[in-house]
$ cat protein05.cif   # mmCIF, C-alpha atoms
data_my_file
loop_
_atom_site.label_atom_id
_atom_site.label_comp_id
_atom_site.auth_asym_id
_atom_site.auth_seq_id
_atom_site.Cartn_x
_atom_site.Cartn_y
_atom_site.Cartn_z
CA MET C 633 -230.60 20.22 84.80
CA SER C 634 -230.84 17.93 87.82
CA VAL C 635 -229.38 18.48 91.27
CA GLU C 636 -226.74 15.89 90.36
CA ASP C 637 -225.84 17.92 87.26
CA VAL C 638 -225.50 21.04 89.40
CA VAL C 639 -223.17 19.31 91.83
CA ALA C 640 -221.05 17.95 88.98
CA ALA C 641 -220.65 21.48 87.56
CA ILE C 642 -219.07 22.90 90.73
CA ALA C 643 -215.27 23.11 90.69
CA PRO C 644 -213.02 24.00 93.62
CA ALA C 645 -211.61 27.48 93.97
CA ASP C 646 -208.11 27.95 92.50
CA PRO C 647 -205.29 27.55 95.05
CA VAL C 648 -202.74 28.81 92.51
CA ALA C 649 -204.48 32.17 92.28
CA GLY C 650 -204.77 32.23 96.05
CA GLU C 651 -201.03 31.70 96.43
CA ALA C 652 -200.26 34.39 93.85
CA ALA C 653 -202.47 36.76 95.84
CA ARG C 654 -200.60 35.88 99.04
CA LEU C 655 -197.29 36.73 97.39
CA ARG C 656 -198.75 40.01 96.15
CA HIS C 657 -199.82 40.88 99.70
CA GLU C 658 -196.19 40.55 100.77
CA ARG C 659 -195.22 43.27 98.28
CA LEU C 660 -197.95 45.77 99.20
CA THR C 661 -197.19 48.96 101.14
CA LYS C 662 -198.02 47.65 104.60
CA PRO C 663 -196.50 45.35 107.18
CA PRO C 664 -197.28 41.71 106.41
CA GLY C 665 -200.54 40.61 107.99
CA SER C 666 -201.46 44.11 109.13
CA LEU C 667 -204.92 43.95 107.53
CA GLY C 668 -205.71 40.86 109.58
CA ARG C 669 -208.69 38.82 108.43
CA LEU C 670 -209.21 41.13 105.46
CA GLU C 671 -206.08 39.59 103.97
CA ASP C 672 -207.46 36.07 104.37
CA LEU C 673 -210.74 37.22 102.86
CA SER C 674 -208.98 38.74 99.86
CA LEU C 675 -207.09 35.49 99.24
CA GLN C 676 -210.38 33.61 99.23
CA VAL C 677 -211.88 36.05 96.71
CA ALA C 678 -208.78 35.73 94.53
CA ALA C 679 -209.04 31.94 94.58
CA ILE C 680 -212.76 32.12 93.76
CA GLN C 681 -212.23 34.50 90.83
CA ARG C 682 -209.02 32.75 89.66
CA ASP C 683 -207.29 36.13 89.69
CA GLU C 684 -204.59 37.50 92.01
CA CYS C 685 -206.17 40.96 91.57
CA PRO C 686 -209.87 40.29 92.22
CA ALA C 687 -212.66 42.83 92.20
CA ILE C 688 -216.22 43.03 93.47
CA ARG C 689 -217.92 45.00 90.71
CA GLY C 690 -221.51 44.18 91.54
CA LYS C 691 -223.45 42.90 94.55
CA ALA C 692 -226.85 41.29 94.95
CA VAL C 693 -228.85 39.70 97.74
CA VAL C 694 -231.52 37.07 97.10
CA VAL C 695 -234.24 37.22 99.75
CA ALA C 696 -236.45 34.13 99.60
CA ALA C 697 -239.74 34.00 101.48
CA GLY C 698 -241.77 30.95 102.43
CA ASP C 699 -244.25 29.75 105.01
CA HIS C 700 -244.15 26.73 107.30
CA GLY C 701 -246.93 24.38 108.33
CA VAL C 702 -245.24 23.82 111.68
CA VAL C 703 -246.56 27.19 112.89
CA ALA C 704 -249.72 25.22 113.74
CA GLN C 705 -247.73 23.90 116.71
CA GLY C 706 -247.47 27.36 118.32
CA VAL C 707 -243.74 27.82 117.73
CA THR C 708 -243.99 31.56 117.04
CA GLY C 709 -245.85 34.53 118.44
CA TYR C 710 -246.48 36.07 115.01
CA PRO C 711 -249.33 35.12 112.67
CA GLN C 712 -248.42 33.48 109.38
CA GLU C 713 -249.76 36.46 107.44
CA VAL C 714 -246.70 38.45 108.51
CA THR C 715 -244.58 36.62 105.92
CA ALA C 716 -246.61 38.08 103.06
CA GLN C 717 -246.86 41.45 104.75
CA MET C 718 -243.08 41.64 105.06
CA VAL C 719 -242.61 40.68 101.42
CA VAL C 720 -244.76 43.66 100.49
CA ASN C 721 -242.65 45.78 102.84
CA PHE C 722 -239.46 44.59 101.10
CA LEU C 723 -240.86 45.55 97.74
CA SER C 724 -242.04 48.97 98.93
CA GLY C 725 -238.59 49.74 100.34
CA GLY C 726 -239.58 49.94 104.00
CA ALA C 727 -237.77 46.95 105.53
CA ALA C 728 -234.31 46.91 107.07
CA ILE C 729 -232.93 44.92 104.15
CA SER C 730 -234.46 47.39 101.72
CA VAL C 731 -232.74 50.30 103.44
CA MET C 732 -229.38 48.56 103.83
CA ALA C 733 -229.30 47.24 100.27
CA ARG C 734 -230.23 50.64 98.89
CA ARG C 735 -227.50 52.38 100.89
CA ALA C 736 -224.87 49.79 100.03
CA GLY C 737 -225.62 49.63 96.31
CA VAL C 738 -226.74 46.01 96.53
CA LYS C 739 -229.36 44.71 94.10
CA LEU C 740 -232.30 43.27 96.05
CA LEU C 741 -234.08 40.29 94.50
CA VAL C 742 -237.24 39.32 96.40
CA VAL C 743 -238.56 35.79 95.82
CA ASP C 744 -241.87 34.19 96.70
CA ALA C 745 -240.61 30.67 97.32
CA GLY C 746 -243.87 29.45 98.85
CA VAL C 747 -245.78 32.10 100.79
CA ALA C 748 -249.12 30.90 102.14
CA THR C 749 -250.98 34.20 101.74
CA ALA C 750 -251.62 35.39 98.20
CA LEU C 751 -249.34 38.28 97.25
CA PRO C 752 -250.24 41.15 94.93
CA GLU C 753 -248.51 41.19 91.59
CA HIS C 754 -245.37 43.31 91.55
CA PRO C 755 -242.84 43.78 88.75
CA GLU C 756 -239.92 43.18 91.12
CA LEU C 757 -241.30 40.06 92.82
CA ARG C 758 -240.01 36.77 91.51
CA VAL C 759 -242.51 33.93 92.02
CA VAL C 760 -241.12 30.40 91.76
CA GLY C 761 -244.44 28.70 92.51
CA LEU C 762 -243.42 25.91 94.88
CA GLY C 763 -246.61 25.88 96.93
CA ARG C 764 -248.57 27.77 99.59
CA GLY C 765 -246.28 26.89 102.47
CA THR C 766 -244.93 23.55 103.63
CA ALA C 767 -246.83 20.85 105.49
CA ASP C 768 -246.61 20.51 109.27
CA MET C 769 -243.37 18.57 109.75
CA THR C 770 -244.52 17.14 113.08
CA LEU C 771 -247.11 15.11 111.15
CA GLY C 772 -244.87 13.98 108.28
CA ALA C 773 -242.54 15.38 105.66
CA ALA C 774 -242.60 19.14 105.10
CA MET C 775 -242.55 18.52 101.32
CA SER C 776 -241.88 15.80 98.80
CA ARG C 777 -238.36 14.99 97.67
CA GLU C 778 -239.31 16.16 94.17
CA ARG C 779 -240.40 19.54 95.49
CA ALA C 780 -237.22 19.82 97.56
CA ALA C 781 -235.18 19.31 94.40
CA ALA C 782 -237.32 21.91 92.60
CA CYS C 783 -236.56 24.42 95.39
CA VAL C 784 -232.85 23.88 95.01
CA LEU C 785 -232.91 24.12 91.22
CA ALA C 786 -234.94 27.34 91.39
CA GLY C 787 -232.30 28.84 93.67
CA VAL C 788 -229.51 27.75 91.31
CA GLU C 789 -231.17 29.61 88.46
CA LEU C 790 -231.69 32.74 90.56
CA ALA C 791 -228.01 32.80 91.50
CA ARG C 792 -226.97 32.32 87.91
CA GLU C 793 -229.30 35.12 86.87
CA VAL C 794 -227.87 37.70 89.28
CA ALA C 795 -224.34 36.55 88.45
CA GLY C 796 -225.09 37.04 84.77
CA ALA C 797 -226.34 40.54 85.56
CA GLY C 798 -222.97 41.44 87.08
CA ALA C 799 -223.01 40.38 90.72
CA ASP C 800 -219.59 39.21 91.91
CA ALA C 801 -220.89 38.79 95.47
CA ILE C 802 -224.24 37.16 96.13
CA GLY C 803 -225.90 37.38 99.53
CA THR C 804 -228.58 35.12 100.96
CA GLY C 805 -231.61 36.42 102.86
CA ASP C 806 -234.87 34.99 104.13
CA MET C 807 -238.35 35.69 105.39
CA GLY C 808 -240.70 33.10 106.81
CA ILE C 809 -242.69 32.90 110.02
CA GLY C 810 -241.67 29.58 111.59
CA ASN C 811 -238.41 29.20 109.70
CA THR C 812 -236.17 29.18 112.77
CA THR C 813 -237.97 25.98 113.80
CA ALA C 814 -237.18 24.36 110.46
CA SER C 815 -233.60 25.63 110.63
CA SER C 816 -233.22 24.19 114.13
CA ALA C 817 -234.40 20.81 112.85
CA ILE C 818 -232.02 20.93 109.87
CA THR C 819 -229.10 21.88 112.10
CA ALA C 820 -229.87 19.07 114.52
CA ALA C 821 -230.22 16.57 111.67
CA VAL C 822 -226.92 17.55 110.06
CA THR C 823 -224.76 18.13 113.13
CA GLY C 824 -226.22 15.45 115.39
CA ARG C 825 -226.70 17.98 118.19
CA PRO C 826 -229.89 17.71 120.27
CA PRO C 827 -232.80 20.05 119.53
CA HIS C 828 -232.51 21.88 122.85
CA GLU C 829 -229.06 23.07 121.66
CA THR C 830 -230.04 23.99 118.10
CA THR C 831 -233.31 25.73 118.97
CA GLY C 832 -233.42 29.42 119.82
CA ARG C 833 -236.03 32.00 120.72
CA GLY C 834 -236.80 33.06 117.15
CA THR C 835 -239.25 35.94 117.23
CA GLY C 836 -239.01 36.08 121.03
CA ARG C 837 -240.11 33.00 122.97
CA SER C 838 -240.21 32.82 126.76
CA ASP C 839 -238.27 30.07 128.53
CA GLU C 840 -241.39 27.90 128.66
CA GLU C 841 -242.21 28.58 125.01
CA LEU C 842 -238.60 27.87 124.02
CA ALA C 843 -238.77 24.45 125.68
CA ALA C 844 -242.01 23.72 123.84
CA LYS C 845 -240.43 24.81 120.54
CA ALA C 846 -237.46 22.47 121.10
CA ALA C 847 -239.93 19.66 121.81
CA VAL C 848 -241.63 20.37 118.48
CA VAL C 849 -238.29 20.09 116.71
CA GLU C 850 -237.57 16.83 118.51
CA ARG C 851 -240.96 15.46 117.51
CA ALA C 852 -240.46 16.42 113.86
CA LEU C 853 -237.12 14.63 113.79
CA ALA C 854 -238.59 11.55 115.44
CA VAL C 855 -241.55 11.41 113.05
CA ASN C 856 -239.47 11.90 109.90
CA SER C 857 -236.08 10.31 110.69
CA PRO C 858 -234.19 12.38 108.09
CA ASP C 859 -231.12 10.73 106.60
CA ALA C 860 -228.15 12.72 107.91
CA GLY C 861 -226.15 11.85 104.80
CA ASP C 862 -228.76 13.04 102.31
CA GLY C 863 -229.25 16.79 101.96
CA LEU C 864 -232.41 16.51 99.89
CA ASP C 865 -233.96 14.09 102.37
CA ILE C 866 -233.29 16.49 105.24
CA LEU C 867 -234.69 19.43 103.27
CA ALA C 868 -237.80 17.50 102.25
CA LYS C 869 -238.58 16.18 105.70
CA VAL C 870 -237.87 19.14 108.00
CA GLY C 871 -236.95 22.08 105.76
CA GLY C 872 -238.74 24.93 104.04
CA PHE C 873 -239.24 26.19 100.52
CA GLU C 874 -237.18 29.33 101.10
CA ILE C 875 -234.41 27.32 102.76
CA GLY C 876 -234.23 25.06 99.71
CA VAL C 877 -234.10 28.04 97.37
CA LEU C 878 -231.24 29.54 99.39
CA ALA C 879 -229.38 26.21 99.30
CA GLY C 880 -229.71 26.44 95.54
CA VAL C 881 -228.41 30.01 95.57
CA VAL C 882 -225.30 28.71 97.34
CA LEU C 883 -224.83 26.01 94.71
CA GLY C 884 -225.52 28.37 91.82
CA GLY C 885 -223.10 30.93 93.17
CA ALA C 886 -220.41 28.26 93.33
CA ILE C 887 -221.09 27.19 89.73
CA GLU C 888 -220.65 30.81 88.63
CA ARG C 889 -217.51 31.26 90.76
CA ARG C 890 -219.03 34.02 92.85
CA VAL C 891 -218.49 34.88 96.49
CA VAL C 892 -221.55 33.71 98.41
CA VAL C 893 -222.13 35.77 101.56
CA LEU C 894 -224.33 33.98 104.06
CA ASP C 895 -226.68 35.85 106.37
CA GLY C 896 -227.76 34.35 109.69
CA PHE C 897 -229.34 31.17 111.02
CA ILE C 898 -231.72 30.39 108.17
CA SER C 899 -228.95 30.97 105.62
CA GLY C 900 -226.69 28.80 107.76
CA ALA C 901 -229.24 25.98 107.61
CA ALA C 902 -229.44 26.41 103.84
CA ALA C 903 -225.65 26.25 103.64
CA LEU C 904 -225.71 23.00 105.63
CA ILE C 905 -228.03 21.52 103.00
CA ALA C 906 -225.90 22.82 100.12
CA HIS C 907 -222.71 21.55 101.76
CA LYS C 908 -224.29 18.14 102.31
CA LEU C 909 -225.11 18.04 98.60
CA CYS C 910 -221.67 19.34 97.53
CA PRO C 911 -218.87 19.84 100.09
CA THR C 912 -216.89 21.88 97.53
CA VAL C 913 -219.22 24.86 98.06
CA ILE C 914 -217.28 25.65 101.23
CA ASP C 915 -214.62 27.32 99.05
CA TYR C 916 -217.17 29.96 98.04
CA LEU C 917 -218.82 30.71 101.39
CA VAL C 918 -218.29 33.74 103.61
CA ALA C 919 -220.13 33.90 106.94
CA SER C 920 -221.25 37.49 107.36
CA HIS C 921 -222.13 37.53 111.05
CA LEU C 922 -222.96 35.45 114.10
CA SER C 923 -226.69 35.42 114.75
CA ALA C 924 -228.00 35.56 118.28
CA GLU C 925 -229.97 32.39 117.42
CA ALA C 926 -228.52 29.45 119.35
CA GLY C 927 -228.17 27.06 116.42
CA HIS C 928 -226.25 29.41 114.16
CA ARG C 929 -222.97 28.99 116.02
CA LEU C 930 -223.35 25.21 115.71
CA ALA C 931 -224.08 25.44 111.99
CA LEU C 932 -221.05 27.65 111.32
CA SER C 933 -218.83 25.46 113.48
CA HIS C 934 -219.91 22.39 111.52
CA LEU C 935 -219.04 24.18 108.28
CA GLY C 936 -215.74 25.47 109.66
CA LEU C 937 -216.73 29.09 108.99
CA ARG C 938 -215.80 32.06 111.15
CA PRO C 939 -218.21 35.02 110.97
CA LEU C 940 -216.86 38.45 110.09
CA LEU C 941 -219.20 40.35 112.42
CA ASP C 942 -220.89 39.79 115.76
CA LEU C 943 -223.47 42.52 116.31
CA GLY C 944 -226.10 40.58 118.23
CA MET C 945 -228.36 40.60 115.17
CA ARG C 946 -231.10 38.04 114.54
CA LEU C 947 -233.37 39.73 112.02
CA GLY C 948 -232.52 37.74 108.92
CA GLU C 949 -233.68 39.23 105.60
CA GLY C 950 -230.05 39.28 104.38
CA THR C 951 -229.15 42.25 106.58
CA GLY C 952 -225.93 40.74 107.90
CA ALA C 953 -224.93 39.63 104.41
CA VAL C 954 -225.32 43.14 103.01
CA LEU C 955 -223.29 44.65 105.86
CA ALA C 956 -220.46 42.16 105.31
CA MET C 957 -220.35 42.69 101.55
CA GLY C 958 -218.60 45.98 102.21
CA LEU C 959 -215.82 44.07 103.93
CA VAL C 960 -215.53 41.63 101.04
CA GLU C 961 -215.37 44.53 98.60
CA ALA C 962 -212.75 46.38 100.67
CA ALA C 963 -210.62 43.26 101.06
CA ALA C 964 -210.53 42.62 97.31
CA ALA C 965 -209.87 46.29 96.53
CA CYS C 966 -206.92 46.52 98.92
CA LEU C 967 -205.32 43.45 97.36
CA SER C 968 -205.86 44.71 93.82
CA GLU C 969 -205.47 48.47 94.10
CA MET C 970 -202.84 49.12 96.75
CA ALA C 971 -199.38 50.00 95.46
CA THR C 972 -196.46 47.65 95.94
CA PHE C 973 -193.31 48.92 97.65
CA ASP C 974 -191.58 49.11 94.26
CA GLU C 975 -194.43 51.02 92.63
CA ALA C 976 -194.59 53.54 95.46
CA GLY C 977 -190.82 53.90 95.83
CA ILE C 978 -191.04 52.93 99.49
CA SER C 979 -188.40 50.88 101.21
CA GLY C 980 -189.63 47.56 102.46
CA ALA C 981 -188.70 45.80 105.67
CA GLU C 982 -185.08 44.78 105.86
CA SER C 983 -184.44 41.06 106.08
CA ALA C 984 -182.34 39.74 108.94
CA ASP C 985 -178.94 38.24 108.11
#
$ encode --input "protein05.cif" --output "structure tokens"
Amino acid sequence: MSVEDVVAAIAPADPVAGEAARLRHERLTKPPGSLGRLEDLSLQVAAIQRDECPAIRGKAVVVAAGDHGVVAQGVTGYPQEVTAQMVVNFLSGGAAISVMARRAGVKLLVVDAGVATALPEHPELRVVGLGRGTADMTLGAAMSRERAAACVLAGVELAREVAGAGADAIGTGDMGIGNTTASSAITAAVTGRPPHETTGRGTGRSDEELAAKAAVVERALAVNSPDAGDGLDILAKVGGFEIGVLAGVVLGGAIERRVVVLDGFISGAAALIAHKLCPTVIDYLVASHLSAEAGHRLALSHLGLRPLLDLGMRLGEGTGAVLAMGLVEAAAACLSEMATFDEAGISGAESAD
């Protein structure tokens, strides 16, 4: 299957089911609109599942890890080895995403999408074998176009796998020292906003270091001149292996008619790539939270998405996505499981003459 085949397989969500769900909401034992944004969320889930009584029966989060050659430019205070060390931490259950997923009943799928440091074999680690980190994007393309396509297709298959295993909601998560720099470049390339607006502090840069990081992003864009109309070109020139895999997860989730719950800035950059490849994926996307990273607000605004939560988080890993899945689940359950006025024998609001 090619990327073009994937795009051709994605159908819009069903507005008829969404309208049927809206009419059902009017009959439920509550004042109209009293559940606020949960009602809108439930209508989206109904349209995605083509069912006025949707349900979230299973949940999974795909956490893709990859390294970035641009760390050679001093854009982060952490050594590249931390990417691999955190992957091991995910697998041993000691990371924030591990704890949150475990508590929320969310299946955690950890993916080596291109970690530079060799990882020990582990039965729960999925290795997609895309390379030992990307090239330094300030010197040329981060990866070839062929490898960018391979990233996306790997992510599609991962999403289809977890969907086939019963996940009705699929979250996106990331790990990769240097990946906020790549995400800043992607966001600038797609939105047209200048790097000093799309670039944030990442792992904790000072004002001087932040300015230098933005200059690195600007240099990468100048060297590579990514085509703003071509998602694969942007991914290849200034992206990352894990970002490409997550873009594929978005596309694969849409093929399988699953709710795709985005995490923070890196997931937002991946969604920008997926949306550039196939605008229809917007029907399937839920923004879990607003990251404290500067570019995330711009990415979500470009996509027309409003985050469910704003907790000042900027960890990544899929933590925001897992937190928001509970809201998605509750929204669908209220729509499907609440009694109507007739069923409960409760008098509804009287209409005015």
$ resolve_selection --input "protein05.cif" --expression "the PyMOL selection byres ((chain C and resi 946) around 9)" --output "list in words"
Gly834, Thr835, Gly896, Phe897, Leu922, Ser923, Ala924, Glu925, Gly944, Met945, Leu947, Gly948 and Gly952 of chain C
$ atom_distance --input "protein05.cif" --atom1 "CA of Gly706 in chain C" --atom2 "CA of Lys869 in chain C"
19.1 Å
$ residues_around --input "protein05.cif" --residues "Leu909 in chain C" --least-positions-apart "6" --cutoff "12 Å" --atoms "all atoms listed in the file" --output "ChimeraX atom specification"
/C:635-640,642,781,784,822,860-867,876,879-880,882-883,902-903
$ residues_around --input "protein05.cif" --residues "Arg659 in chain C" --least-positions-apart "4" --cutoff "8 Å" --atoms "all atoms listed in the file" --output "number ranges by chain"
C: 655, 972-974
$ closest_residue --input "protein05.cif" --among "C:Ala821, C:Ala963, C:Val788, C:Val677" --to "Ala852 in chain C" --atoms "all atoms listed in the file"
C:Ala821
$ atom_distance --input "protein05.cif" --atom1 "CA of Leu937 in chain C" --atom2 "CA of Ala919 in chain C"
6.2 Å
$ closest_residue --input "protein05.cif" --among "C:Ala767, C:Ala854, C:Val891, C:Leu917" --to "Ala820 in chain C" --atoms "only C-alpha atoms"
C:Ala854
$ resolve_selection --input "protein05.cif" --expression "the PyMOL selection byres ((chain C and resi 960) around 9)" --output "list in words"
Leu670, Leu673, Ser674, Val677, Ile688, Ala801, Val891, Val893, Val918, Ala956, Met957, Gly958, Leu959, Glu961, Ala962, Ala963, Ala964 and Ala965 of chain C
$ closest_residue --input "protein05.cif" --among "C:Gln676, C:Thr766, C:Gln717, C:Thr812" --to "Ala652 in chain C" --atoms "only C-alpha atoms"
C:Gln676
$ closest_residue --input "protein05.cif" --among "C:Leu904, C:Ile875, C:Ala687, C:Ile818" --to "Asp800 in chain C" --atoms "all atoms listed in the file"
C:Ala687
$ atom_distance --input "protein05.cif" --atom1 "CA of Ala704 in chain C" --atom2 "CA of Asp768 in chain C"
7.2 Å
$ resolve_selection --input "protein05.cif" --expression "the PyMOL selection byres ((chain C and resi 850) around 12)" --output "number ranges by chain"
C: 769-770, 813-814, 816-821, 824-831, 843-849, 851-858, 870
$ residues_around --input "protein05.cif" --residues "Leu894 in chain C" --least-positions-apart "2" --cutoff "6 Å" --atoms "only C-alpha atoms" --output "NGL selection string"
:C and (803-804 or 899 or 919-920 or 953)
$ decode --input "protein05.cif" --residues "range 937-960 of chain C" --atoms "N, CA, C and O atoms" --output "JSON list (two decimals), in the first residue's frame"
[["chain", "number", "residue", "atom", "x", "y", "z"],
["C", 937, "LEU", "N", -8.75, 23.10, 15.59],
["C", 937, "LEU", "CA", -9.06, 22.23, 16.73],
["C", 937, "LEU", "C", -8.98, 23.02, 18.04],
["C", 937, "LEU", "O", -8.10, 23.86, 18.22],
["C", 938, "ARG", "N", -9.90, 22.71, 18.94],
["C", 938, "ARG", "CA", -9.92, 23.35, 20.25],
["C", 938, "ARG", "C", -9.59, 22.29, 21.30],
["C", 938, "ARG", "O", -10.30, 21.30, 21.43],
["C", 939, "PRO", "N", -8.53, 22.48, 22.07],
["C", 939, "PRO", "CA", -8.14, 21.46, 23.04],
["C", 939, "PRO", "C", -9.15, 21.31, 24.17],
["C", 939, "PRO", "O", -9.81, 22.27, 24.57],
["C", 940, "LEU", "N", -9.25, 20.09, 24.68],
["C", 940, "LEU", "CA", -10.18, 19.82, 25.77],
["C", 940, "LEU", "C", -9.64, 20.30, 27.11],
["C", 940, "LEU", "O", -10.40, 20.70, 27.99],
["C", 941, "LEU", "N", -8.32, 20.25, 27.28],
["C", 941, "LEU", "CA", -7.70, 20.56, 28.56],
["C", 941, "LEU", "C", -6.59, 21.60, 28.37],
["C", 941, "LEU", "O", -5.99, 21.68, 27.31],
["C", 942, "ASP", "N", -6.34, 22.36, 29.44],
["C", 942, "ASP", "CA", -5.20, 23.27, 29.45],
["C", 942, "ASP", "C", -4.61, 23.21, 30.85],
["C", 942, "ASP", "O", -5.06, 23.90, 31.76],
["C", 943, "LEU", "N", -3.62, 22.33, 31.01],
["C", 943, "LEU", "CA", -3.04, 22.06, 32.32],
["C", 943, "LEU", "C", -1.59, 22.53, 32.42],
["C", 943, "LEU", "O", -0.89, 22.18, 33.37],
["C", 944, "GLY", "N", -1.14, 23.28, 31.43],
["C", 944, "GLY", "CA", 0.24, 23.75, 31.44],
["C", 944, "GLY", "C", 1.25, 22.64, 31.21],
["C", 944, "GLY", "O", 2.43, 22.79, 31.54],
["C", 945, "MET", "N", 0.81, 21.53, 30.63],
["C", 945, "MET", "CA", 1.69, 20.38, 30.40],
["C", 945, "MET", "C", 2.54, 20.57, 29.15],
["C", 945, "MET", "O", 2.10, 21.20, 28.20],
["C", 946, "ARG", "N", 3.73, 19.99, 29.15],
["C", 946, "ARG", "CA", 4.58, 19.98, 27.97],
["C", 946, "ARG", "C", 5.52, 18.79, 27.99],
["C", 946, "ARG", "O", 6.64, 18.85, 27.50],
["C", 947, "LEU", "N", 5.06, 17.69, 28.56],
["C", 947, "LEU", "CA", 5.90, 16.50, 28.68],
["C", 947, "LEU", "C", 5.92, 15.68, 27.40],
["C", 947, "LEU", "O", 6.93, 15.11, 27.02],
["C", 948, "GLY", "N", 4.78, 15.60, 26.72],
["C", 948, "GLY", "CA", 4.68, 14.68, 25.59],
["C", 948, "GLY", "C", 4.38, 13.28, 26.09],
["C", 948, "GLY", "O", 3.67, 13.09, 27.07],
["C", 949, "GLU", "N", 4.92, 12.29, 25.40],
["C", 949, "GLU", "CA", 4.77, 10.87, 25.75],
["C", 949, "GLU", "C", 3.35, 10.33, 25.51],
["C", 949, "GLU", "O", 3.12, 9.14, 25.68],
["C", 950, "GLY", "N", 2.39, 11.20, 25.19],
["C", 950, "GLY", "CA", 1.00, 10.77, 25.10],
["C", 950, "GLY", "C", 0.22, 11.01, 26.37],
["C", 950, "GLY", "O", -0.94, 10.59, 26.49],
["C", 951, "THR", "N", 0.82, 11.71, 27.33],
["C", 951, "THR", "CA", 0.18, 11.92, 28.63],
["C", 951, "THR", "C", -1.14, 12.69, 28.52],
["C", 951, "THR", "O", -2.14, 12.32, 29.12],
["C", 952, "GLY", "N", -1.13, 13.76, 27.74],
["C", 952, "GLY", "CA", -2.37, 14.53, 27.56],
["C", 952, "GLY", "C", -3.43, 13.72, 26.85],
["C", 952, "GLY", "O", -4.62, 13.79, 27.19],
["C", 953, "ALA", "N", -3.01, 12.92, 25.87],
["C", 953, "ALA", "CA", -3.97, 12.10, 25.13],
["C", 953, "ALA", "C", -4.66, 11.10, 26.05],
["C", 953, "ALA", "O", -5.88, 10.90, 25.97],
["C", 954, "VAL", "N", -3.90, 10.45, 26.92],
["C", 954, "VAL", "CA", -4.48, 9.48, 27.84],
["C", 954, "VAL", "C", -5.46, 10.15, 28.80],
["C", 954, "VAL", "O", -6.54, 9.63, 29.08],
["C", 955, "LEU", "N", -5.09, 11.32, 29.32],
["C", 955, "LEU", "CA", -6.00, 12.04, 30.21],
["C", 955, "LEU", "C", -7.32, 12.37, 29.51],
["C", 955, "LEU", "O", -8.40, 12.22, 30.08],
["C", 956, "ALA", "N", -7.24, 12.81, 28.26],
["C", 956, "ALA", "CA", -8.44, 13.23, 27.54],
["C", 956, "ALA", "C", -9.30, 12.06, 27.08],
["C", 956, "ALA", "O", -10.50, 12.23, 26.83],
["C", 957, "MET", "N", -8.72, 10.88, 26.98],
["C", 957, "MET", "CA", -9.51, 9.72, 26.56],
["C", 957, "MET", "C", -10.67, 9.45, 27.51],
["C", 957, "MET", "O", -11.73, 8.98, 27.10],
["C", 958, "GLY", "N", -10.47, 9.77, 28.79],
["C", 958, "GLY", "CA", -11.56, 9.62, 29.74],
["C", 958, "GLY", "C", -12.74, 10.51, 29.41],
["C", 958, "GLY", "O", -13.91, 10.12, 29.59],
["C", 959, "LEU", "N", -12.46, 11.69, 28.90],
["C", 959, "LEU", "CA", -13.53, 12.60, 28.49],
["C", 959, "LEU", "C", -14.25, 12.08, 27.24],
["C", 959, "LEU", "O", -15.47, 12.17, 27.15],
["C", 960, "VAL", "N", -13.49, 11.56, 26.31],
["C", 960, "VAL", "CA", -14.09, 10.98, 25.11],
["C", 960, "VAL", "C", -15.00, 9.82, 25.49],
["C", 960, "VAL", "O", -16.14, 9.70, 25.01]]
